[in-house]
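Working notes, beginning with the structure itself.
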Amino acid sequence: MNLLNKVNQLLSKAGGSVQKFLLLFFRLNWGMQFFLTGQGKLINHKSAAEFFTSLHLPFADCTAWFVAGVECFGGLLLVAGLAARPASLILTINMIVAYLSVDSDRQTVLNFFKDQTPFLQADPFFFLLTAILVFAFGAGEISLDTVFAKLARRKKNKGFKGN
């Protein structure tokens, strides 16, 4: 094995170690932010519905309840790393709609290839980034998804040994 392969293996192992903690950091930090944002919309539903009305969103009252629930409970699922991919897909869609619902953010999206700075500085950016990361890579090694997957494999392997 040549030196380049050894270095590549070492970096791959180091990257894998960093990956689980990076995913955990994003899930805990931004999952909690999703939860708190959703909780705020649930507690202050009238204000959220009025804001959604000002954006001309259809069925603003129902939309406010729906978005609040998605963010609150989706955030909790991210924090736990439970059903993380389905939750993050729904949160990704939610954040894309958030970008496209506010006129200034809509222009930010439309002008992304001209100037990315406004897109990266917009309020939904880290929420969207987190949702996409978890959708793409899963919850990571430190999650309930991983715990349940290991338990299911153990149960399956015990079933085969007993036959």
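In the structure tokens, chains take letters A, B, ... by order of appearance, with residues numbered from 1 within each chain and ligands from 1 in the order shown.
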Contact residues around range 142-147 of chain A with only C-alpha atoms at 8 Å, ignoring same-chain residues under 3 positions, as JSON, numbers by chain: {"A": [20, 21, 24, 80, 81, 82, 83, 84, 139, 150, 151]}
Would you tabulate, counting only C-alpha atoms, all residues of range 62-163 of chain A that have an atom at most 12 Å from an atom of range 7-17 of chain A, showing the closest pair of atoms and their distance in Å to one decimal, sorted by chain then ascending number, as a Markdown table?
| residue | atom | partner | partner_atom | distance |
| --- | --- | --- | --- | --- |
| A:Phe137 | CA | A:Gly16 | CA | 11.7 |
| A:Gly140 | CA | A:Gly16 | CA | 10.1 |
| A:Glu141 | CA | A:Ser17 | CA | 9.6 |
| A:Ile142 | CA | A:Ser17 | CA | 11.1 |
Take the residues from that selection and put them in a file with C-alpha atoms, as a PDB file, in the first residue's frame.
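See part31.pdb below for the written result:
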ATOM      1  CA  PHE A 137     -26.689  11.555   5.759  1.00  0.00           C
ATOM      2  CA  GLY A 140     -25.696   9.708  12.442  1.00  0.00           C
ATOM      3  CA  GLU A 141     -24.230   7.177  14.783  1.00  0.00           C
ATOM      4  CA  ILE A 142     -25.351   8.946  17.965  1.00  0.00           C
TER       5      ILE A 142
END
Non-local contacts of range 26-28 of chain A (7 Å; only C-alpha atoms; under 2 positions in same chain excluded) as a ChimeraX atom specification: /A:22-24,30-32,78-79,130
Deliver the residues from the most recent selection as a file, using N, CA and C atoms, as a CSV table (one decimal), in the first residue's frame.
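Result file is part_20.csv:
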chain,number,residue,atom,x,y,z
A,22,LEU,N,-20.4,16.0,14.2
A,22,LEU,CA,-21.0,17.1,13.4
A,22,LEU,C,-22.5,17.0,13.2
A,23,LEU,N,-22.9,15.8,12.8
A,23,LEU,CA,-24.4,15.5,12.7
A,23,LEU,C,-25.1,15.7,14.0
A,24,LEU,N,-24.5,15.2,15.1
A,24,LEU,CA,-25.1,15.4,16.4
A,24,LEU,C,-25.2,16.9,16.8
A,30,TRP,N,-29.8,22.9,16.0
A,30,TRP,CA,-30.9,23.4,15.1
A,30,TRP,C,-32.2,22.6,15.3
A,31,GLY,N,-32.1,21.4,15.8
A,31,GLY,CA,-33.4,20.7,16.1
A,31,GLY,C,-34.0,21.4,17.3
A,32,MET,N,-33.2,21.8,18.3
A,32,MET,CA,-33.8,22.6,19.4
A,32,MET,C,-34.3,23.9,18.9
A,78,LEU,N,-35.6,15.5,15.4
A,78,LEU,CA,-34.2,15.7,15.0
A,78,LEU,C,-33.3,15.6,16.3
A,79,VAL,N,-33.7,16.2,17.4
A,79,VAL,CA,-32.9,16.2,18.6
A,79,VAL,C,-32.7,14.7,19.0
A,130,THR,N,-29.5,22.3,8.0
A,130,THR,CA,-29.6,21.2,8.9
A,130,THR,C,-30.5,20.1,8.4
Backbone-only DSSP, helix (DSSP H, G or I) members of range 69-153 of chain A, as an MDAnalysis selection string: chainID A and resid 69:80 84:101 103:110 117:121 125:137 144:153
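When only C-alpha atoms are used to compute distances to Pro86 in chain A, the closest of the residues A:Lys46, A:Lys156, A:Asp123, A:Val134 turns out to be A:Val134.
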Atomic distance CA of Gly40 in chain A - CA of Gly75 in chain A, expressed in Å with one decimal: 12.6 Å
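The shortest atom-to-atom distance to Phe25 in chain A, with only C-alpha atoms taken into account, belongs to A:Leu133 out of A:Lys41, A:Ile90, A:Asn5, A:Leu133.
With only C-alpha atoms as the atoms that count, the minimum distance from Thr92 in chain A to the choices A:Val109, A:Leu128, A:Ala68, A:Leu120 is reached by A:Leu128.
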Contact residues around Thr53 in chain A with only C-alpha atoms at 12 Å, ignoring same-chain residues under 5 positions, as a PDB file with N, CA and C atoms, in the first residue's frame:
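Below you can see out_32.pdb, which holds the result:
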ATOM      1  N   LYS A  46     -52.019  33.245  17.324  1.00  0.00           N
ATOM      2  CA  LYS A  46     -52.697  34.376  16.678  1.00  0.00           C
ATOM      3  C   LYS A  46     -51.685  35.236  15.917  1.00  0.00           C
ATOM      4  N   SER A  47     -50.545  35.511  16.521  1.00  0.00           N
ATOM      5  CA  SER A  47     -49.503  36.316  15.860  1.00  0.00           C
ATOM      6  C   SER A  47     -48.954  35.593  14.637  1.00  0.00           C
ATOM      7  N   ALA A  48     -48.736  34.284  14.767  1.00  0.00           N
ATOM      8  CA  ALA A  48     -48.226  33.501  13.638  1.00  0.00           C
ATOM      9  C   ALA A  48     -49.234  33.516  12.498  1.00  0.00           C
ATOM     10  N   PRO A  58     -52.298  30.757   1.840  1.00  0.00           N
ATOM     11  CA  PRO A  58     -53.676  30.245   1.907  1.00  0.00           C
ATOM     12  C   PRO A  58     -53.946  29.596   3.264  1.00  0.00           C
ATOM     13  N   PHE A  59     -55.185  29.759   3.707  1.00  0.00           N
ATOM     14  CA  PHE A  59     -55.614  29.147   4.970  1.00  0.00           C
ATOM     15  C   PHE A  59     -54.611  29.457   6.091  1.00  0.00           C
ATOM     16  N   ALA A  60     -54.331  30.733   6.278  1.00  0.00           N
ATOM     17  CA  ALA A  60     -53.265  31.171   7.182  1.00  0.00           C
ATOM     18  C   ALA A  60     -53.394  30.583   8.583  1.00  0.00           C
ATOM     19  N   ASP A  61     -54.616  30.490   9.098  1.00  0.00           N
ATOM     20  CA  ASP A  61     -54.797  29.957  10.448  1.00  0.00           C
ATOM     21  C   ASP A  61     -54.378  28.485  10.509  1.00  0.00           C
ATOM     22  N   CYS A  62     -54.871  27.684   9.575  1.00  0.00           N
ATOM     23  CA  CYS A  62     -54.506  26.256   9.528  1.00  0.00           C
ATOM     24  C   CYS A  62     -53.025  26.085   9.194  1.00  0.00           C
ATOM     25  N   THR A  63     -52.527  26.911   8.293  1.00  0.00           N
ATOM     26  CA  THR A  63     -51.111  26.830   7.921  1.00  0.00           C
ATOM     27  C   THR A  63     -50.228  27.115   9.128  1.00  0.00           C
ATOM     28  N   ALA A  64     -50.627  28.087   9.940  1.00  0.00           N
ATOM     29  CA  ALA A  64     -49.843  28.421  11.140  1.00  0.00           C
ATOM     30  C   ALA A  64     -49.798  27.229  12.100  1.00  0.00           C
ATOM     31  N   SER A 101     -41.859  32.229   0.630  1.00  0.00           N
ATOM     32  CA  SER A 101     -43.053  32.948   1.083  1.00  0.00           C
ATOM     33  C   SER A 101     -42.798  34.415   1.371  1.00  0.00           C
ATOM     34  N   VAL A 102     -41.610  34.751   1.763  1.00  0.00           N
ATOM     35  CA  VAL A 102     -41.273  36.141   2.081  1.00  0.00           C
ATOM     36  C   VAL A 102     -40.658  36.760   0.830  1.00  0.00           C
TER      37      VAL A 102
END
Which residue of A:Leu57, A:Phe66, A:Asn29, A:Leu129 approaches Leu42 in chain A most closely, using only C-alpha atoms: A:Phe66
